[in-house]
file coords_17.cif (mmCIF, C-alpha atoms)
data_input
#
loop_
_atom_site.label_atom_id
_atom_site.label_comp_id
_atom_site.auth_asym_id
_atom_site.auth_seq_id
_atom_site.Cartn_x
_atom_site.Cartn_y
_atom_site.Cartn_z
CA ASP A 1 102.47 125.84 86.00
CA LEU A 2 99.12 124.31 86.92
CA LEU A 3 97.33 125.13 83.66
CA VAL A 4 97.82 122.34 81.12
CA GLY A 5 95.03 122.91 78.61
CA VAL A 6 91.97 124.74 77.42
CA ARG A 7 88.57 123.04 77.14
CA PRO A 8 85.77 125.05 75.54
CA GLN A 9 82.35 123.50 75.11
CA LEU A 10 82.32 123.29 71.30
CA GLN A 11 79.33 120.96 71.50
CA ALA A 12 77.24 124.03 72.39
CA GLU A 13 78.15 125.81 69.14
CA THR A 14 75.37 125.52 66.56
CA ASP A 15 77.76 125.98 63.63
CA PRO A 16 79.51 122.65 62.93
CA GLY A 17 82.28 124.64 61.20
CA TYR A 18 82.95 126.92 64.16
CA LEU A 19 86.62 125.90 64.30
CA ASP A 20 87.05 127.01 60.68
CA ARG A 21 86.55 130.67 61.57
CA PRO A 22 89.77 132.72 61.15
CA PRO A 23 89.61 134.27 64.65
CA VAL A 24 89.17 130.81 66.18
CA ARG A 25 92.15 129.49 64.22
CA ARG A 26 94.23 132.40 65.51
CA GLY A 27 93.13 131.45 69.01
CA LEU A 28 94.20 127.85 68.43
CA ARG A 29 97.65 129.05 67.41
CA THR A 30 97.81 131.15 70.58
CA ILE A 31 96.97 128.06 72.65
CA ALA A 32 99.74 126.14 70.85
CA ASP A 33 102.22 128.98 71.40
CA ALA A 34 101.41 128.88 75.12
CA GLY A 35 102.32 125.17 75.19
CA LEU A 36 98.81 124.13 76.21
CA ALA A 37 96.66 121.25 75.02
CA PHE A 38 93.28 121.90 73.41
CA ASP A 39 90.55 119.59 74.71
CA VAL A 40 87.73 119.24 72.21
CA VAL A 41 84.24 118.52 73.51
CA CYS A 42 82.28 118.21 70.29
CA ARG A 43 79.51 116.37 68.51
CA VAL A 44 80.05 113.91 65.66
CA ASP A 45 78.92 116.50 63.08
CA GLN A 46 81.75 118.77 64.26
CA LEU A 47 84.50 116.17 63.75
CA PRO A 48 85.30 117.25 60.16
CA ALA A 49 86.03 120.81 61.37
CA VAL A 50 88.19 119.41 64.18
CA THR A 51 90.14 117.44 61.57
CA ARG A 52 90.66 120.53 59.43
CA ALA A 53 91.84 122.49 62.47
CA ALA A 54 94.22 119.70 63.54
CA ARG A 55 95.71 119.65 60.05
CA GLU A 56 96.05 123.43 59.86
CA VAL A 57 97.53 123.81 63.37
CA PRO A 58 99.80 120.74 63.62
CA GLU A 59 101.80 122.24 66.48
CA LEU A 60 98.73 122.13 68.75
CA ARG A 61 98.02 119.05 70.86
CA PHE A 62 94.32 118.25 70.34
CA VAL A 63 92.56 115.99 72.86
CA LEU A 64 89.23 114.64 71.67
CA ASP A 65 87.04 114.23 74.74
CA HIS A 66 84.40 111.51 74.91
CA LEU A 67 85.58 110.12 71.54
CA GLY A 68 83.61 112.90 69.86
CA LYS A 69 80.34 111.88 71.52
CA PRO A 70 79.27 109.01 69.24
CA GLN A 71 75.61 108.09 69.50
CA ILE A 72 76.21 104.77 71.23
CA ARG A 73 72.50 104.47 72.01
CA ASP A 74 71.91 104.10 68.24
CA GLY A 75 74.05 100.95 68.04
CA ALA A 76 75.29 100.05 64.56
CA ASP A 77 73.84 103.25 63.07
CA GLY A 78 75.72 105.36 65.60
CA LEU A 79 78.91 103.44 64.91
CA ALA A 80 78.53 103.89 61.14
CA ALA A 81 77.92 107.64 61.46
CA TRP A 82 80.96 108.07 63.71
CA SER A 83 83.57 105.67 62.33
CA GLY A 84 84.31 107.57 59.10
CA PRO A 85 84.91 110.97 60.71
CA ILE A 86 86.83 109.45 63.62
CA GLY A 87 89.10 107.56 61.24
CA THR A 88 89.92 110.76 59.34
CA LEU A 89 90.63 112.62 62.58
CA ALA A 90 92.75 109.79 63.97
CA ALA A 91 95.04 110.13 60.93
CA CYS A 92 96.23 113.45 62.42
CA PRO A 93 99.26 112.64 64.60
CA ASN A 94 98.65 115.64 66.88
CA VAL A 95 95.31 114.26 68.11
CA THR A 96 94.79 112.01 71.11
CA ALA A 97 91.41 110.86 72.37
CA LYS A 98 89.78 110.24 75.72
CA LEU A 99 87.88 107.06 76.42
CA SER A 100 85.41 109.01 78.51
CA GLY A 101 81.76 109.96 78.57
CA LEU A 102 80.68 106.78 76.81
CA VAL A 103 78.04 105.61 79.26
CA THR A 104 76.14 108.88 78.92
CA GLU A 105 76.10 108.52 75.12
CA ALA A 106 74.63 105.02 75.51
CA ASP A 107 71.14 104.32 76.80
CA ARG A 108 71.68 105.75 80.29
CA ASP A 109 69.28 103.35 81.97
CA ARG A 110 70.07 100.12 80.13
CA TRP A 111 73.63 100.34 78.77
CA ARG A 112 75.85 97.28 78.76
CA VAL A 113 79.55 96.81 78.13
CA ALA A 114 78.63 95.18 74.81
CA ASP A 115 77.16 98.54 73.70
CA LEU A 116 80.47 100.32 74.35
CA ARG A 117 82.81 97.66 72.99
CA PRO A 118 82.51 98.40 69.23
CA PHE A 119 83.30 102.07 69.81
CA VAL A 120 86.21 101.33 72.13
CA THR A 121 87.58 98.71 69.73
CA GLU A 122 87.34 101.14 66.82
CA ALA A 123 89.10 103.86 68.83
CA VAL A 124 91.94 101.51 69.81
CA GLY A 125 92.30 100.43 66.19
CA ARG A 126 92.37 104.00 64.90
CA PHE A 127 94.39 105.83 67.56
CA GLY A 128 96.34 103.01 69.18
CA PRO A 129 96.93 102.87 72.94
CA ASP A 130 99.65 105.54 72.81
CA ARG A 131 97.11 108.14 71.68
CA LEU A 132 94.23 107.07 73.94
CA MET A 133 93.62 107.87 77.60
CA PHE A 134 91.02 106.90 80.13
CA GLY A 135 88.77 109.61 81.48
CA SER A 136 85.88 109.04 83.86
CA ASP A 137 83.77 112.07 82.95
CA TRP A 138 82.98 112.36 86.64
CA PRO A 139 80.60 113.77 87.85
CA VAL A 140 78.62 113.78 84.59
CA CYS A 141 79.01 110.00 84.30
CA ARG A 142 76.81 109.70 87.39
CA LEU A 143 73.81 110.30 85.11
CA ALA A 144 74.37 106.70 83.96
CA ALA A 145 76.84 105.03 86.33
CA ASP A 146 79.19 105.55 89.23
CA TYR A 147 82.95 105.94 88.79
CA ARG A 148 83.75 102.31 89.64
CA SER A 149 81.23 101.05 87.04
CA VAL A 150 82.62 103.36 84.36
CA LEU A 151 86.16 102.17 85.01
CA SER A 152 85.13 98.50 85.11
CA ALA A 153 83.16 98.85 81.89
CA LEU A 154 86.10 100.36 80.04
CA VAL A 155 88.49 97.69 81.30
CA GLU A 156 86.06 95.04 80.06
CA ALA A 157 85.36 96.80 76.74
CA LEU A 158 89.02 97.18 75.81
CA PRO A 159 90.51 94.60 73.47
CA ALA A 160 93.49 92.59 74.72
CA LEU A 161 96.36 94.97 75.46
CA THR A 162 99.89 94.39 76.63
CA ALA A 163 100.89 95.69 80.06
CA ARG A 164 102.70 98.60 78.38
CA GLU A 165 99.64 99.47 76.24
CA ARG A 166 97.37 99.32 79.29
CA SER A 167 99.78 101.67 81.12
CA ALA A 168 99.55 104.08 78.20
CA VAL A 169 95.74 104.15 78.26
CA PHE A 170 95.52 104.42 82.04
CA GLY A 171 98.13 107.11 82.62
CA GLU A 172 101.14 107.50 80.37
CA THR A 173 99.27 109.03 77.43
CA ALA A 174 97.75 111.66 79.73
CA VAL A 175 101.11 112.43 81.35
CA ARG A 176 102.76 112.88 77.94
CA THR A 177 99.89 114.75 76.30
CA TYR A 178 99.36 117.23 79.12
CA ARG A 179 103.09 117.41 79.91
CA LEU A 180 102.44 116.50 83.52
CA ARG A 181 105.13 115.95 86.09
CA PRO A 182 104.23 112.66 87.77
#
call {"tool": "encode", "arguments": {"input": "coords_17.cif", "output": "structure tokens"}}
result
Amino acid sequence: DLLVGVRPQLQAETDPGYLDRPPVRRGLRTIADAGLAFDVVCRVDQLPAVTRAAREVPELRFVLDHLGKPQIRDGADGLAAWSGPIGTLAACPNVTAKLSGLVTEADRDRWRVADLRPFVTEAVGRFGPDRLMFGSDWPVCRLAADYRSVLSALVEALPALTARERSAVFGETAVRTYRLRP
């Protein structure tokens, strides 16, 4: 009853098409059959394979951690490289995304909320608040900021949201996605 999902470190796989392998796809179906979510920690170059997997296994709840690790430190170039693949993935209704790990993908020593805002805005526009959830990425976030700073930065980077949309991002999406009992 305490296990709600599986979270492999796909980012460590050298093959960007790792999720396309038949044994991996069988494993994804097994995760879906068990009623678990599949948290995806991947790089931007792996997003197309995540999209293919989400389309092929629509019964599986995919959770994209860290928004797919966009290269925020690269500014407009990082946004351009990420926005196409993230838009394609966001079209899959069985995918939610975590607004997490962003400060460590920015310049860890000099990041500002303004660096995060274009990525957060794009994510809200693509997924909508009902398919986005806050995640701190603690303790890894401590490489760039403490928990309070991460939370404050996300609150400031978010576009204007209604109270209901804010509740979705800061709790309800996670409860629904992971089938938690509050």
call {"tool": "atom_distance", "arguments": {"input": "coords_17.cif", "atom1": "atom CA of A:Arg179", "atom2": "atom CA of A:Glu13"}}
result
28.4 Å
call {"tool": "residues_around", "arguments": {"input": "coords_17.cif", "residues": "A:Arg176", "least_positions_apart": "2", "cutoff": "12 Å", "atoms": "all atoms listed in the file", "output": "CSV table (one decimal) with C-alpha atoms, in the frame of the given file"}}
result
chain,number,residue,atom,x,y,z
A,4,VAL,CA,97.8,122.3,81.1
A,37,ALA,CA,96.7,121.2,75.0
A,61,ARG,CA,98.0,119.0,70.9
A,63,VAL,CA,92.6,116.0,72.9
A,96,THR,CA,94.8,112.0,71.1
A,130,ASP,CA,99.6,105.5,72.8
A,131,ARG,CA,97.1,108.1,71.7
A,132,LEU,CA,94.2,107.1,73.9
A,133,MET,CA,93.6,107.9,77.6
A,168,ALA,CA,99.6,104.1,78.2
A,169,VAL,CA,95.7,104.2,78.3
A,170,PHE,CA,95.5,104.4,82.0
A,171,GLY,CA,98.1,107.1,82.6
A,172,GLU,CA,101.1,107.5,80.4
A,173,THR,CA,99.3,109.0,77.4
A,174,ALA,CA,97.8,111.7,79.7
A,178,TYR,CA,99.4,117.2,79.1
A,179,ARG,CA,103.1,117.4,79.9
A,180,LEU,CA,102.4,116.5,83.5
A,181,ARG,CA,105.1,116.0,86.1
A,182,PRO,CA,104.2,112.7,87.8
call {"tool": "atom_distance", "arguments": {"input": "coords_17.cif", "atom1": "atom CA of A:Trp82", "atom2": "atom CA of A:Val44"}}
result
6.2 Å
call {"tool": "closest_residue", "arguments": {"input": "coords_17.cif", "among": "A:Ala34, A:Leu19, A:Leu102, A:Val24", "to": "A:Asp1", "atoms": "only C-alpha atoms"}}
result
A:Ala34
call {"tool": "residues_around", "arguments": {"input": "coords_17.cif", "residues": "stretch 135-152 of chain A", "least_positions_apart": "6", "cutoff": "9 Å", "atoms": "all atoms listed in the file", "output": "ChimeraX atom specification"}}
result
/A:65-66,98-104,106-111,170
call {"tool": "resolve_selection", "arguments": {"input": "coords_17.cif", "expression": "the PyMOL selection byres ((chain A and resi 15) around 12)", "output": "count of residues only"}}
result
17
call {"tool": "atom_distance", "arguments": {"input": "coords_17.cif", "atom1": "atom CA of A:Val41", "atom2": "atom CA of A:Asp77"}}
result
21.2 Å
call {"tool": "closest_residue", "arguments": {"input": "coords_17.cif", "among": "A:Pro93, A:Ile31, A:Lys69, A:Pro23", "to": "A:Gly5", "atoms": "only C-alpha atoms"}}
result
A:Ile31
call {"tool": "resolve_selection", "arguments": {"input": "coords_17.cif", "expression": "the PyMOL selection byres ((chain A and resi 122) around 10)", "output": "MDAnalysis selection string"}}
result
chainID A and resid 79 82:83 86:87 117:121 123:128 158:159
call {"tool": "closest_residue", "arguments": {"input": "coords_17.cif", "among": "A:Arg73, A:Val95, A:Ala90, A:Pro48", "to": "A:Thr177", "atoms": "only C-alpha atoms"}}
result
A:Val95
call {"tool": "axis_aligned_box", "arguments": {"input": "coords_17.cif", "around": "stretch 128-137 of chain A", "padding_each_side": "8 Å", "output": "lines of an AutoDock Vina configuration file"}}
result
center_x = 91.7
center_y = 107.5
center_z = 76.5
size_x = 31.9
size_y = 25.2
size_z = 30.7
call {"tool": "decode", "arguments": {"input": "coords_17.cif", "residues": "stretch 26-72 of chain A", "atoms": "N, CA and C atoms", "output": "compact mmCIF listing (two decimals), in the first residue's frame"}}
result
# COMPACT_ATOMS: atom_id res chain seq x y z
N ARG A 26 7.73 -4.05 -22.14
CA ARG A 26 7.02 -5.07 -21.35
C ARG A 26 7.04 -4.69 -19.87
N GLY A 27 8.17 -4.20 -19.41
CA GLY A 27 8.27 -3.75 -18.03
C GLY A 27 7.33 -2.60 -17.72
N LEU A 28 7.19 -1.67 -18.68
CA LEU A 28 6.27 -0.55 -18.49
C LEU A 28 4.83 -1.04 -18.36
N ARG A 29 4.48 -2.05 -19.15
CA ARG A 29 3.13 -2.62 -19.04
C ARG A 29 2.93 -3.30 -17.68
N THR A 30 3.98 -3.93 -17.19
CA THR A 30 3.90 -4.57 -15.87
C THR A 30 3.68 -3.51 -14.78
N ILE A 31 4.36 -2.39 -14.89
CA ILE A 31 4.18 -1.29 -13.94
C ILE A 31 2.74 -0.79 -14.00
N ALA A 32 2.21 -0.63 -15.21
CA ALA A 32 0.82 -0.18 -15.37
C ALA A 32 -0.14 -1.20 -14.76
N ASP A 33 0.10 -2.48 -15.03
CA ASP A 33 -0.77 -3.54 -14.49
C ASP A 33 -0.78 -3.56 -12.97
N ALA A 34 0.33 -3.14 -12.37
CA ALA A 34 0.43 -3.09 -10.91
C ALA A 34 -0.23 -1.84 -10.33
N GLY A 35 -0.70 -0.94 -11.21
CA GLY A 35 -1.36 0.27 -10.75
C GLY A 35 -0.41 1.34 -10.25
N LEU A 36 0.85 1.24 -10.65
CA LEU A 36 1.86 2.19 -10.19
C LEU A 36 2.09 3.29 -11.23
N ALA A 37 2.62 4.40 -10.78
CA ALA A 37 3.06 5.48 -11.67
C ALA A 37 4.50 5.20 -12.07
N PHE A 38 4.90 5.77 -13.19
CA PHE A 38 6.27 5.63 -13.70
C PHE A 38 6.89 7.01 -13.76
N ASP A 39 7.76 7.32 -12.79
CA ASP A 39 8.47 8.59 -12.77
C ASP A 39 9.65 8.52 -13.72
N VAL A 40 9.75 9.50 -14.58
CA VAL A 40 10.77 9.53 -15.62
C VAL A 40 11.78 10.62 -15.29
N VAL A 41 13.00 10.21 -14.98
CA VAL A 41 14.10 11.15 -14.79
C VAL A 41 14.97 11.02 -16.03
N CYS A 42 14.81 11.96 -16.95
CA CYS A 42 15.50 11.82 -18.24
C CYS A 42 16.09 13.15 -18.68
N ARG A 43 16.89 13.06 -19.73
CA ARG A 43 17.48 14.23 -20.37
C ARG A 43 16.57 14.65 -21.53
N VAL A 44 16.78 15.85 -22.03
CA VAL A 44 15.99 16.36 -23.14
C VAL A 44 16.08 15.45 -24.36
N ASP A 45 17.26 14.90 -24.64
CA ASP A 45 17.40 14.04 -25.83
C ASP A 45 16.64 12.72 -25.69
N GLN A 46 16.18 12.40 -24.50
CA GLN A 46 15.41 11.18 -24.28
C GLN A 46 13.90 11.43 -24.36
N LEU A 47 13.48 12.68 -24.42
CA LEU A 47 12.05 12.99 -24.44
C LEU A 47 11.29 12.35 -25.61
N PRO A 48 11.86 12.28 -26.82
CA PRO A 48 11.11 11.61 -27.89
C PRO A 48 10.80 10.14 -27.58
N ALA A 49 11.72 9.43 -26.95
CA ALA A 49 11.46 8.03 -26.58
C ALA A 49 10.40 7.95 -25.48
N VAL A 50 10.41 8.92 -24.57
CA VAL A 50 9.38 8.96 -23.52
C VAL A 50 8.02 9.16 -24.17
N THR A 51 7.95 10.03 -25.16
CA THR A 51 6.69 10.28 -25.87
C THR A 51 6.21 9.01 -26.56
N ARG A 52 7.11 8.31 -27.23
CA ARG A 52 6.70 7.07 -27.91
C ARG A 52 6.19 6.05 -26.90
N ALA A 53 6.86 5.95 -25.75
CA ALA A 53 6.44 5.00 -24.73
C ALA A 53 5.07 5.40 -24.16
N ALA A 54 4.87 6.68 -23.91
CA ALA A 54 3.58 7.14 -23.37
C ALA A 54 2.45 6.86 -24.35
N ARG A 55 2.73 6.99 -25.63
CA ARG A 55 1.71 6.69 -26.64
C ARG A 55 1.44 5.19 -26.73
N GLU A 56 2.47 4.39 -26.62
CA GLU A 56 2.32 2.94 -26.76
C GLU A 56 1.74 2.28 -25.51
N VAL A 57 1.93 2.90 -24.35
CA VAL A 57 1.43 2.33 -23.09
C VAL A 57 0.52 3.39 -22.43
N PRO A 58 -0.63 3.66 -23.06
CA PRO A 58 -1.49 4.75 -22.56
C PRO A 58 -2.12 4.47 -21.19
N GLU A 59 -2.11 3.23 -20.77
CA GLU A 59 -2.69 2.90 -19.46
C GLU A 59 -1.73 3.20 -18.31
N LEU A 60 -0.49 3.56 -18.63
CA LEU A 60 0.51 3.86 -17.61
C LEU A 60 0.53 5.36 -17.33
N ARG A 61 0.57 5.70 -16.05
CA ARG A 61 0.68 7.10 -15.63
C ARG A 61 2.16 7.48 -15.59
N PHE A 62 2.59 8.30 -16.54
CA PHE A 62 3.96 8.78 -16.62
C PHE A 62 4.06 10.09 -15.84
N VAL A 63 5.13 10.26 -15.08
CA VAL A 63 5.40 11.50 -14.36
C VAL A 63 6.78 11.97 -14.79
N LEU A 64 6.84 13.05 -15.52
CA LEU A 64 8.11 13.60 -15.98
C LEU A 64 8.73 14.43 -14.87
N ASP A 65 9.80 13.93 -14.29
CA ASP A 65 10.48 14.65 -13.23
C ASP A 65 11.36 15.75 -13.81
N HIS A 66 11.46 16.84 -13.08
CA HIS A 66 12.35 17.95 -13.42
C HIS A 66 12.09 18.53 -14.81
N LEU A 67 10.85 18.40 -15.27
CA LEU A 67 10.45 18.87 -16.61
C LEU A 67 11.34 18.31 -17.72
N GLY A 68 11.97 17.18 -17.49
CA GLY A 68 12.83 16.61 -18.51
C GLY A 68 14.22 17.24 -18.54
N LYS A 69 14.59 17.90 -17.47
CA LYS A 69 15.92 18.48 -17.30
C LYS A 69 16.34 19.43 -18.43
N PRO A 70 15.53 20.46 -18.69
CA PRO A 70 15.94 21.44 -19.71
C PRO A 70 17.22 22.15 -19.27
N GLN A 71 18.01 22.55 -20.23
CA GLN A 71 19.25 23.25 -19.93
C GLN A 71 18.95 24.73 -19.69
N ILE A 72 18.45 25.01 -18.52
CA ILE A 72 18.05 26.38 -18.17
C ILE A 72 19.26 27.30 -18.21
